[in-house]
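Student: Okay, here's the structure, questions in a sec.
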Amino acid sequence: MFRFLESRKAESQTAGFLAGISTNSYCPMSSYIYILTNKPNGVLYIGVTSNLKRRIIEHKESFIPGFTQKYKTTSLIYFEEYEDIRNAITREKQLKKWNREWKIRLIEKINPEWKDLFIDF
């Protein structure tokens, strides 16, 4: 079960990223859940990866056919970092079960303008 403390840690890490933490803090052993969109308040895609930078490039370049290619969800609007991929997978499954309103509140708590966070990555 996703605990409140893990949620606060994820919010802190995302907020730190928004504040301009350098990409030198990137840890290759980390795992991430992320949310992409095609426009503000548009289609949402939730995924999990062990390499956020590589995975977002794959989405942006349409390397992998499927949902992202069809709906053009290429803007990274939210992410959380985890030390253990199993926790990231659990969180991804949890978020996919949430209703849209909950997802939007989560995104807007950290990224109210729905800016593409990958630009600063």
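Following the order of the structure tokens, first chain is A, next is B, and so on, with residues numbered from 1 inside each chain and ligands from 1 in the order they appear.
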Any idea what's packed within 12 Å of A:Ile107, counting only C-alpha atoms, ignoring anything in its chain fewer than 2 positions away? Could you give it as an NGL selection string?

Tutor: :A and (11 or 14-15 or 34-37 or 40-41 or 44 or 46 or 76-80 or 95 or 100-105 or 109-117)

Student: Please dump the current selection as a JSON list (two decimals), in the first residue's frame; keep N, CA and C atoms.

Tutor:
[["chain", "number", "residue", "atom", "x", "y", "z"],
["A", 11, "GLU", "N", 6.30, 13.97, -3.65],
["A", 11, "GLU", "CA", 5.95, 15.38, -3.90],
["A", 11, "GLU", "C", 7.19, 16.25, -3.74],
["A", 14, "THR", "N", 9.49, 15.76, -6.73],
["A", 14, "THR", "CA", 8.95, 16.41, -7.91],
["A", 14, "THR", "C", 9.08, 17.92, -7.77],
["A", 15, "ALA", "N", 8.77, 18.44, -6.59],
["A", 15, "ALA", "CA", 8.90, 19.88, -6.36],
["A", 15, "ALA", "C", 10.35, 20.31, -6.53],
["A", 34, "TYR", "N", 5.21, 7.99, -14.11],
["A", 34, "TYR", "CA", 5.11, 9.28, -14.77],
["A", 34, "TYR", "C", 3.75, 9.40, -15.44],
["A", 35, "ILE", "N", 3.35, 10.65, -15.65],
["A", 35, "ILE", "CA", 2.10, 10.94, -16.34],
["A", 35, "ILE", "C", 2.42, 11.86, -17.51],
["A", 36, "LEU", "N", 1.92, 11.49, -18.68],
["A", 36, "LEU", "CA", 2.07, 12.28, -19.90],
["A", 36, "LEU", "C", 0.70, 12.77, -20.35],
["A", 37, "THR", "N", 0.70, 13.85, -21.11],
["A", 37, "THR", "CA", -0.53, 14.35, -21.71],
["A", 37, "THR", "C", -0.24, 14.89, -23.10],
["A", 40, "PRO", "N", -2.92, 20.57, -21.97],
["A", 40, "PRO", "CA", -3.50, 20.77, -20.64],
["A", 40, "PRO", "C", -4.93, 20.22, -20.57],
["A", 41, "ASN", "N", -5.19, 19.47, -19.52],
["A", 41, "ASN", "CA", -6.49, 18.81, -19.32],
["A", 41, "ASN", "C", -6.88, 17.87, -20.46],
["A", 44, "LEU", "N", -4.61, 11.51, -20.61],
["A", 44, "LEU", "CA", -3.55, 11.18, -19.65],
["A", 44, "LEU", "C", -3.03, 9.77, -19.91],
["A", 46, "ILE", "N", -0.32, 7.00, -18.03],
["A", 46, "ILE", "CA", 0.48, 6.70, -16.84],
["A", 46, "ILE", "C", 1.39, 5.53, -17.16],
["A", 76, "LEU", "N", 5.56, 15.46, -20.42],
["A", 76, "LEU", "CA", 5.71, 14.93, -19.07],
["A", 76, "LEU", "C", 5.17, 15.98, -18.10],
["A", 77, "ILE", "N", 4.08, 15.65, -17.43],
["A", 77, "ILE", "CA", 3.47, 16.64, -16.53],
["A", 77, "ILE", "C", 3.57, 16.26, -15.06],
["A", 78, "TYR", "N", 3.98, 15.01, -14.77],
["A", 78, "TYR", "CA", 4.09, 14.57, -13.39],
["A", 78, "TYR", "C", 4.97, 13.33, -13.33],
["A", 79, "PHE", "N", 5.73, 13.20, -12.24],
["A", 79, "PHE", "CA", 6.46, 11.95, -12.00],
["A", 79, "PHE", "C", 6.77, 11.82, -10.53],
["A", 80, "GLU", "N", 7.01, 10.59, -10.12],
["A", 80, "GLU", "CA", 7.45, 10.27, -8.77],
["A", 80, "GLU", "C", 8.63, 9.31, -8.91],
["A", 95, "LEU", "N", -2.54, 4.40, -9.42],
["A", 95, "LEU", "CA", -2.95, 5.60, -10.15],
["A", 95, "LEU", "C", -3.86, 5.27, -11.33],
["A", 100, "ARG", "N", -10.38, 10.30, -13.02],
["A", 100, "ARG", "CA", -9.68, 11.42, -13.67],
["A", 100, "ARG", "C", -9.52, 12.62, -12.74],
["A", 101, "GLU", "N", -10.56, 12.95, -12.00],
["A", 101, "GLU", "CA", -10.51, 14.11, -11.10],
["A", 101, "GLU", "C", -9.37, 13.99, -10.09],
["A", 102, "TRP", "N", -9.18, 12.81, -9.52],
["A", 102, "TRP", "CA", -8.09, 12.59, -8.55],
["A", 102, "TRP", "C", -6.74, 12.78, -9.22],
["A", 103, "LYS", "N", -6.59, 12.27, -10.44],
["A", 103, "LYS", "CA", -5.33, 12.40, -11.17],
["A", 103, "LYS", "C", -5.03, 13.87, -11.45],
["A", 104, "ILE", "N", -6.04, 14.61, -11.85],
["A", 104, "ILE", "CA", -5.85, 16.03, -12.15],
["A", 104, "ILE", "C", -5.44, 16.79, -10.89],
["A", 105, "ARG", "N", -6.07, 16.49, -9.75],
["A", 105, "ARG", "CA", -5.68, 17.15, -8.50],
["A", 105, "ARG", "C", -4.22, 16.84, -8.14],
["A", 109, "LYS", "N", -1.39, 19.82, -8.05],
["A", 109, "LYS", "CA", -0.77, 20.15, -6.77],
["A", 109, "LYS", "C", 0.71, 20.48, -6.99],
["A", 110, "ILE", "N", 1.35, 19.81, -7.95],
["A", 110, "ILE", "CA", 2.77, 19.99, -8.22],
["A", 110, "ILE", "C", 3.01, 20.85, -9.48],
["A", 111, "ASN", "N", 2.15, 20.71, -10.46],
["A", 111, "ASN", "CA", 2.36, 21.35, -11.76],
["A", 111, "ASN", "C", 1.04, 21.99, -12.23],
["A", 112, "PRO", "N", 0.62, 23.08, -11.58],
["A", 112, "PRO", "CA", -0.69, 23.68, -11.88],
["A", 112, "PRO", "C", -0.83, 24.20, -13.31],
["A", 113, "GLU", "N", 0.27, 24.50, -13.96],
["A", 113, "GLU", "CA", 0.20, 25.03, -15.32],
["A", 113, "GLU", "C", 0.38, 23.95, -16.38],
["A", 114, "TRP", "N", 0.52, 22.71, -15.94],
["A", 114, "TRP", "CA", 0.69, 21.56, -16.83],
["A", 114, "TRP", "C", 1.88, 21.76, -17.79],
["A", 115, "LYS", "N", 2.96, 22.32, -17.27],
["A", 115, "LYS", "CA", 4.17, 22.53, -18.07],
["A", 115, "LYS", "C", 4.85, 21.20, -18.35],
["A", 116, "ASP", "N", 5.52, 21.10, -19.49],
["A", 116, "ASP", "CA", 6.28, 19.89, -19.83],
["A", 116, "ASP", "C", 7.54, 19.90, -18.98],
["A", 117, "LEU", "N", 7.61, 19.00, -18.00],
["A", 117, "LEU", "CA", 8.74, 18.95, -17.07],
["A", 117, "LEU", "C", 10.01, 18.42, -17.73]]

Student: Between atom CA of A:Glu58 and atom CA of A:Gly42, what distance in Å does the model show, to one decimal?

Tutor: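 Taking atom CA of A:Glu58 and atom CA of A:Gly42, their separation equals 19.9 Å.
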
Student: Pick out each residue of stretch 34-120 of chain A that DSSP on the backbone tags as helix (DSSP H, G or I); I need them as a ChimeraX atom specification.

Tutor: /A:52-60,67-71,85-97,100-110,117-120

Student: Pull C-alpha atoms from the residues just selected and write them as a PDB file, in the first residue's frame.

Tutor:
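Contents of out-v9.pdb, freshly written:
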ATOM      1  CA  LEU A  52      12.841   8.308 -17.117  1.00  0.00           C
ATOM      2  CA  LYS A  53      14.944  10.298 -19.566  1.00  0.00           C
ATOM      3  CA  ARG A  54      15.217   7.440 -22.081  1.00  0.00           C
ATOM      4  CA  ARG A  55      11.532   6.547 -21.757  1.00  0.00           C
ATOM      5  CA  ILE A  56      10.299  10.100 -22.303  1.00  0.00           C
ATOM      6  CA  ILE A  57      12.501  10.410 -25.392  1.00  0.00           C
ATOM      7  CA  GLU A  58      10.937   7.177 -26.683  1.00  0.00           C
ATOM      8  CA  HIS A  59       7.484   8.704 -26.194  1.00  0.00           C
ATOM      9  CA  LYS A  60       8.432  12.026 -27.775  1.00  0.00           C
ATOM     10  CA  PHE A  67      -1.406   4.587 -26.920  1.00  0.00           C
ATOM     11  CA  THR A  68       1.181   7.371 -26.838  1.00  0.00           C
ATOM     12  CA  GLN A  69       1.627   7.349 -30.591  1.00  0.00           C
ATOM     13  CA  LYS A  70      -2.139   7.298 -31.197  1.00  0.00           C
ATOM     14  CA  TYR A  71      -3.013  10.100 -28.758  1.00  0.00           C
ATOM     15  CA  ILE A  85      10.784  -0.824  -9.008  1.00  0.00           C
ATOM     16  CA  ARG A  86       8.189  -2.916  -7.168  1.00  0.00           C
ATOM     17  CA  ASN A  87       6.976   0.182  -5.323  1.00  0.00           C
ATOM     18  CA  ALA A  88       6.823   2.118  -8.580  1.00  0.00           C
ATOM     19  CA  ILE A  89       4.781  -0.645 -10.238  1.00  0.00           C
ATOM     20  CA  THR A  90       2.404  -0.744  -7.264  1.00  0.00           C
ATOM     21  CA  ARG A  91       1.948   3.034  -7.468  1.00  0.00           C
ATOM     22  CA  GLU A  92       1.391   2.907 -11.243  1.00  0.00           C
ATOM     23  CA  LYS A  93      -1.376   0.329 -10.778  1.00  0.00           C
ATOM     24  CA  GLN A  94      -2.910   2.443  -8.020  1.00  0.00           C
ATOM     25  CA  LEU A  95      -2.954   5.603 -10.152  1.00  0.00           C
ATOM     26  CA  LYS A  96      -4.454   3.769 -13.123  1.00  0.00           C
ATOM     27  CA  LYS A  97      -7.424   2.859 -10.922  1.00  0.00           C
ATOM     28  CA  ARG A 100      -9.685  11.416 -13.667  1.00  0.00           C
ATOM     29  CA  GLU A 101     -10.511  14.115 -11.103  1.00  0.00           C
ATOM     30  CA  TRP A 102      -8.095  12.593  -8.552  1.00  0.00           C
ATOM     31  CA  LYS A 103      -5.329  12.405 -11.169  1.00  0.00           C
ATOM     32  CA  ILE A 104      -5.848  16.032 -12.147  1.00  0.00           C
ATOM     33  CA  ARG A 105      -5.679  17.146  -8.496  1.00  0.00           C
ATOM     34  CA  LEU A 106      -2.426  15.200  -8.078  1.00  0.00           C
ATOM     35  CA  ILE A 107      -0.919  16.821 -11.182  1.00  0.00           C
ATOM     36  CA  GLU A 108      -2.080  20.341 -10.337  1.00  0.00           C
ATOM     37  CA  LYS A 109      -0.768  20.147  -6.771  1.00  0.00           C
ATOM     38  CA  ILE A 110       2.773  19.987  -8.222  1.00  0.00           C
ATOM     39  CA  LEU A 117       8.744  18.946 -17.074  1.00  0.00           C
ATOM     40  CA  PHE A 118      11.029  17.177 -19.519  1.00  0.00           C
ATOM     41  CA  ILE A 119      12.190  20.496 -20.961  1.00  0.00           C
ATOM     42  CA  ASP A 120      14.218  21.096 -17.778  1.00  0.00           C
TER      43      ASP A 120
END

Student: Record the distance separating atom CA of A:Lys72 and atom CA of A:Tyr32, expressed in Å with one decimal.

Tutor: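 Rounded to one decimal, the two atoms are 20.5 Å apart.
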
Student: In Å, rounded to a single decimal, give me how far atom CA of A:Glu83 is from atom CA of A:Ile64.

Tutor: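 Interatomic distance here is 25.6 Å.
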